[in-house]
Amino acid sequence: MGKFFAIVVALIAIASAVPIVMHTWEPPPDISTHGGAIDRQMSDTMVEAGFAFLAAQLLLAFFVWKFAGRKEGAIRSLPGGAKFLVAAALVLVGSEILALGVIGQKVWIDLYFKPPGPSAMQIQAQAGQFAFYFRYPGTDHKFGAIHPEMSNEGEGNFFGLDPEYDIPARDDVVTGELVIPVNREIHLLMHAKDVGHSFYVRELRIQQDFVPGLDLGVHFTATKTGKYEIVCTQLCGLGHYNMKAYLRVVPQIEFDQWMKDRIAEL
């Protein structure tokens, strides 16, 4: 029975690696300037973790095969002692994490620590149960001040603007769809209205949390036109399953016309 179990463990481990090696599930198309580097990092991580997983499972199968039928009872001492095994595990796991960190640090730095360029377009993103809203500065290129106490979804004042007394707020464009020009760097300024949420667009290879009380930012450049789904990946309440919006990447001339139309509607 022990040898049969060892064979089953080995076969399951090998079978689980086949879809990954064969690239059965391809990632969605990359539409960002940084996506290629992230995909390469993911591939390196899967290769390294895959070898470690297979080695561990095959080693388990080997020990089950070798010792399952022992007549002498349980093994009460380990080669080198327990301290040696713990130290070896720390060195192996630590080396694995350190290697992945060193390999991936440039990708991480470029995405999260390198500031956006001076010409990046600033757009505010607000997440609240259970919707995303986006705000663009109007023709004055200035955002109006946010007054949380004035926020009223029933009246469509999602950001709590005061256009009556705040001149920069009068031409701010607020929409439930993120529309951006292709090949233009975007600096997304993010804040949560209530609890934790997340901004995830798989084609952009970006997933950034909204943290209550913190203003966070992420910058990216979309390289392909099209319509892509934005989803919340943080469990944020009963309506979390339906919290989504859409990213629409359009040519610059189409974006300019879209902005003019939205400002004209104010």
# chains A, B, ... in the order shown; residues from 1 in each chain; ligands from 1
$ residues_around --residues "Thr225 (chain A)" --least-positions-apart "4" --cutoff "9 Å" --atoms "only C-alpha atoms" --output "NGL selection string"
:A and (31 or 181-182 or 248-251)
$ residues_around --residues "Asp215 (chain A)" --least-positions-apart "2" --cutoff "9 Å" --atoms "only C-alpha atoms" --output "JSON, numbers by chain"
{"A": [189, 190, 191, 192, 210, 211, 212, 213, 217]}
$ write_last_selection --atoms "all heavy atoms" --output "compact mmCIF listing (two decimals), in the first residue's frame"
# COMPACT_ATOMS: atom_id res chain seq x y z
N LEU A 189 -4.22 58.41 -9.43
CA LEU A 189 -4.20 58.81 -8.01
C LEU A 189 -5.39 58.13 -7.34
O LEU A 189 -6.54 58.38 -7.68
CB LEU A 189 -4.31 60.33 -7.89
CG LEU A 189 -3.30 61.12 -8.73
CD1 LEU A 189 -3.63 62.60 -8.74
CD2 LEU A 189 -1.89 60.89 -8.20
N MET A 190 -5.12 57.28 -6.36
CA MET A 190 -6.13 56.36 -5.85
C MET A 190 -6.46 56.62 -4.38
O MET A 190 -5.56 56.84 -3.56
CB MET A 190 -5.62 54.91 -6.01
CG MET A 190 -5.16 54.60 -7.42
SD MET A 190 -4.24 53.05 -7.53
CE MET A 190 -5.52 51.89 -7.06
N HIS A 191 -7.76 56.59 -4.08
CA HIS A 191 -8.16 56.63 -2.67
C HIS A 191 -9.45 55.84 -2.48
O HIS A 191 -10.25 55.71 -3.40
CB HIS A 191 -8.33 58.07 -2.16
CG HIS A 191 -9.57 58.77 -2.68
ND1 HIS A 191 -9.58 59.52 -3.83
CD2 HIS A 191 -10.83 58.82 -2.19
CE1 HIS A 191 -10.78 60.01 -4.02
NE2 HIS A 191 -11.56 59.60 -3.04
N ALA A 192 -9.59 55.29 -1.28
CA ALA A 192 -10.77 54.49 -0.93
C ALA A 192 -11.77 55.36 -0.18
O ALA A 192 -11.39 56.16 0.68
CB ALA A 192 -10.38 53.29 -0.07
N PHE A 210 -6.46 49.78 -2.90
CA PHE A 210 -6.90 51.04 -2.30
C PHE A 210 -6.87 50.84 -0.79
O PHE A 210 -7.50 49.90 -0.28
CB PHE A 210 -8.34 51.37 -2.71
CG PHE A 210 -8.54 51.71 -4.16
CD1 PHE A 210 -8.67 50.71 -5.12
CD2 PHE A 210 -8.64 53.03 -4.57
CE1 PHE A 210 -8.90 51.02 -6.45
CE2 PHE A 210 -8.86 53.35 -5.90
CZ PHE A 210 -8.98 52.34 -6.85
N VAL A 211 -6.17 51.69 -0.08
CA VAL A 211 -6.05 51.56 1.38
C VAL A 211 -6.75 52.74 2.03
O VAL A 211 -6.38 53.90 1.78
CB VAL A 211 -4.58 51.51 1.81
CG1 VAL A 211 -4.47 51.34 3.33
CG2 VAL A 211 -3.84 50.37 1.11
N PRO A 212 -7.76 52.51 2.87
CA PRO A 212 -8.47 53.61 3.52
C PRO A 212 -7.50 54.50 4.29
O PRO A 212 -6.64 54.02 5.02
CB PRO A 212 -9.44 52.89 4.47
CG PRO A 212 -9.65 51.55 3.85
CD PRO A 212 -8.34 51.19 3.22
N GLY A 213 -7.62 55.80 4.08
CA GLY A 213 -6.77 56.75 4.79
C GLY A 213 -5.47 57.08 4.09
O GLY A 213 -4.75 57.97 4.55
N GLY A 217 -0.63 55.95 -5.53
CA GLY A 217 -0.55 56.21 -6.96
C GLY A 217 0.12 55.08 -7.70
O GLY A 217 0.96 54.37 -7.14
$ closest_atom_pairs --of "region 120-175 of chain A" --to "region 228-233 of chain A" --cutoff "12 Å" --atoms "only C-alpha atoms" --output "CSV"
residue,atom,partner,partner_atom,distance
A:Ala125,CA,A:Ile230,CA,11.7
A:Gln126,CA,A:Cys232,CA,11.8
A:Ala127,CA,A:Cys232,CA,8.8
A:Gly128,CA,A:Cys232,CA,10.2
A:Gln129,CA,A:Cys232,CA,10.2
A:Phe130,CA,A:Cys232,CA,9.0
A:Ala131,CA,A:Cys232,CA,8.9
A:Phe132,CA,A:Ile230,CA,8.8
A:Tyr133,CA,A:Ile230,CA,11.3
$ select_by_dssp --residues "region 15-44 of chain A" --states "alpha helix (DSSP H)" --output "PDB file with C-alpha atoms, in the first residue's frame"
ATOM      1  CA  ALA A  15       0.839  15.497 -14.047  1.00  0.00           C
ATOM      2  CA  SER A  16       0.355  18.861 -12.321  1.00  0.00           C
ATOM      3  CA  ALA A  17       3.473  20.197 -14.044  1.00  0.00           C
ATOM      4  CA  VAL A  18       2.418  19.135 -17.553  1.00  0.00           C
ATOM      5  CA  PRO A  19      -0.148  21.962 -18.196  1.00  0.00           C
ATOM      6  CA  ILE A  20       2.394  24.562 -17.056  1.00  0.00           C
ATOM      7  CA  VAL A  21       5.231  23.140 -19.172  1.00  0.00           C
ATOM      8  CA  GLY A  35       4.007  43.903 -18.934  1.00  0.00           C
ATOM      9  CA  GLY A  36       6.772  42.030 -20.747  1.00  0.00           C
ATOM     10  CA  ALA A  37       9.135  42.356 -17.787  1.00  0.00           C
ATOM     11  CA  ILE A  38       6.416  41.192 -15.381  1.00  0.00           C
ATOM     12  CA  ASP A  39       5.612  38.196 -17.592  1.00  0.00           C
ATOM     13  CA  ARG A  40       9.301  37.216 -17.695  1.00  0.00           C
ATOM     14  CA  GLN A  41       9.509  37.519 -13.916  1.00  0.00           C
ATOM     15  CA  MET A  42       6.397  35.369 -13.538  1.00  0.00           C
ATOM     16  CA  SER A  43       7.880  32.769 -15.871  1.00  0.00           C
ATOM     17  CA  ASP A  44      11.145  32.680 -13.893  1.00  0.00           C
TER      18      ASP A  44
END
$ atom_distance --atom1 "CA of Phe53 (chain A)" --atom2 "CA of Leu11 (chain A)"
13.1 Å
$ atom_distance --atom1 "CA of Lys193 (chain A)" --atom2 "CA of Gln207 (chain A)"
18.1 Å
$ closest_residue --among "A:Ala120, A:Ile146, A:Ile180, A:Ile14" --to "Pro168 (chain A)" --atoms "only C-alpha atoms"
A:Ile146
$ residues_around --residues "Gly160 (chain A)" --least-positions-apart "4" --cutoff "7 Å" --atoms "only C-alpha atoms" --output "ChimeraX atom specification"
/A:146-152
$ write_last_selection --atoms "N, CA, C and O atoms" --output "PDB file, in the first residue's frame"
ATOM      1  N   ILE A 146     -11.711  68.082  -2.548  1.00  0.00           N
ATOM      2  CA  ILE A 146     -12.679  67.064  -2.150  1.00  0.00           C
ATOM      3  C   ILE A 146     -13.211  67.388  -0.762  1.00  0.00           C
ATOM      4  O   ILE A 146     -12.435  67.658   0.169  1.00  0.00           O
ATOM      5  N   HIS A 147     -14.530  67.353  -0.628  1.00  0.00           N
ATOM      6  CA  HIS A 147     -15.193  67.584   0.658  1.00  0.00           C
ATOM      7  C   HIS A 147     -16.009  66.334   0.984  1.00  0.00           C
ATOM      8  O   HIS A 147     -17.143  66.182   0.490  1.00  0.00           O
ATOM      9  N   PRO A 148     -15.471  65.413   1.776  1.00  0.00           N
ATOM     10  CA  PRO A 148     -16.165  64.146   2.046  1.00  0.00           C
ATOM     11  C   PRO A 148     -17.586  64.338   2.561  1.00  0.00           C
ATOM     12  O   PRO A 148     -18.482  63.535   2.255  1.00  0.00           O
ATOM     13  N   GLU A 149     -17.804  65.402   3.356  1.00  0.00           N
ATOM     14  CA  GLU A 149     -19.135  65.612   3.924  1.00  0.00           C
ATOM     15  C   GLU A 149     -20.167  65.975   2.856  1.00  0.00           C
ATOM     16  O   GLU A 149     -21.377  65.884   3.093  1.00  0.00           O
ATOM     17  N   MET A 150     -19.692  66.388   1.676  1.00  0.00           N
ATOM     18  CA  MET A 150     -20.606  66.761   0.595  1.00  0.00           C
ATOM     19  C   MET A 150     -20.848  65.613  -0.387  1.00  0.00           C
ATOM     20  O   MET A 150     -21.611  65.763  -1.339  1.00  0.00           O
ATOM     21  N   SER A 151     -20.196  64.498  -0.165  1.00  0.00           N
ATOM     22  CA  SER A 151     -20.377  63.360  -1.055  1.00  0.00           C
ATOM     23  C   SER A 151     -21.821  62.867  -0.989  1.00  0.00           C
ATOM     24  O   SER A 151     -22.354  62.615   0.095  1.00  0.00           O
ATOM     25  N   ASN A 152     -22.440  62.725  -2.148  1.00  0.00           N
ATOM     26  CA  ASN A 152     -23.836  62.311  -2.205  1.00  0.00           C
ATOM     27  C   ASN A 152     -24.050  61.532  -3.502  1.00  0.00           C
ATOM     28  O   ASN A 152     -24.156  62.124  -4.585  1.00  0.00           O
TER      29      ASN A 152
END
$ residues_around --residues "Leu60 (chain A)" --least-positions-apart "2" --cutoff "12 Å" --atoms "only C-alpha atoms" --output "VMD selection string"
chain A and resid 2 to 3 5 to 10 13 53 to 58 62 to 68
$ atom_distance --atom1 "CA of Gln257 (chain A)" --atom2 "CA of Asp140 (chain A)"
16.5 Å
$ closest_residue --among "A:Phe51, A:Phe84, A:Tyr246, A:Trp108" --to "His34 (chain A)" --atoms "only C-alpha atoms"
A:Trp108
$ closest_residue --among "A:Asp110, A:Ala61, A:Cys236, A:Gln105" --to "Phe4 (chain A)" --atoms "only C-alpha atoms"
A:Ala61
$ closest_residue --among "A:Leu178, A:Ala87, A:Ala222, A:Met259" --to "Ile206 (chain A)" --atoms "only C-alpha atoms"
A:Ala222
$ closest_residue --among "A:His219, A:Lys142, A:Lys224, A:Arg262" --to "Ile186 (chain A)" --atoms "only C-alpha atoms"
A:His219
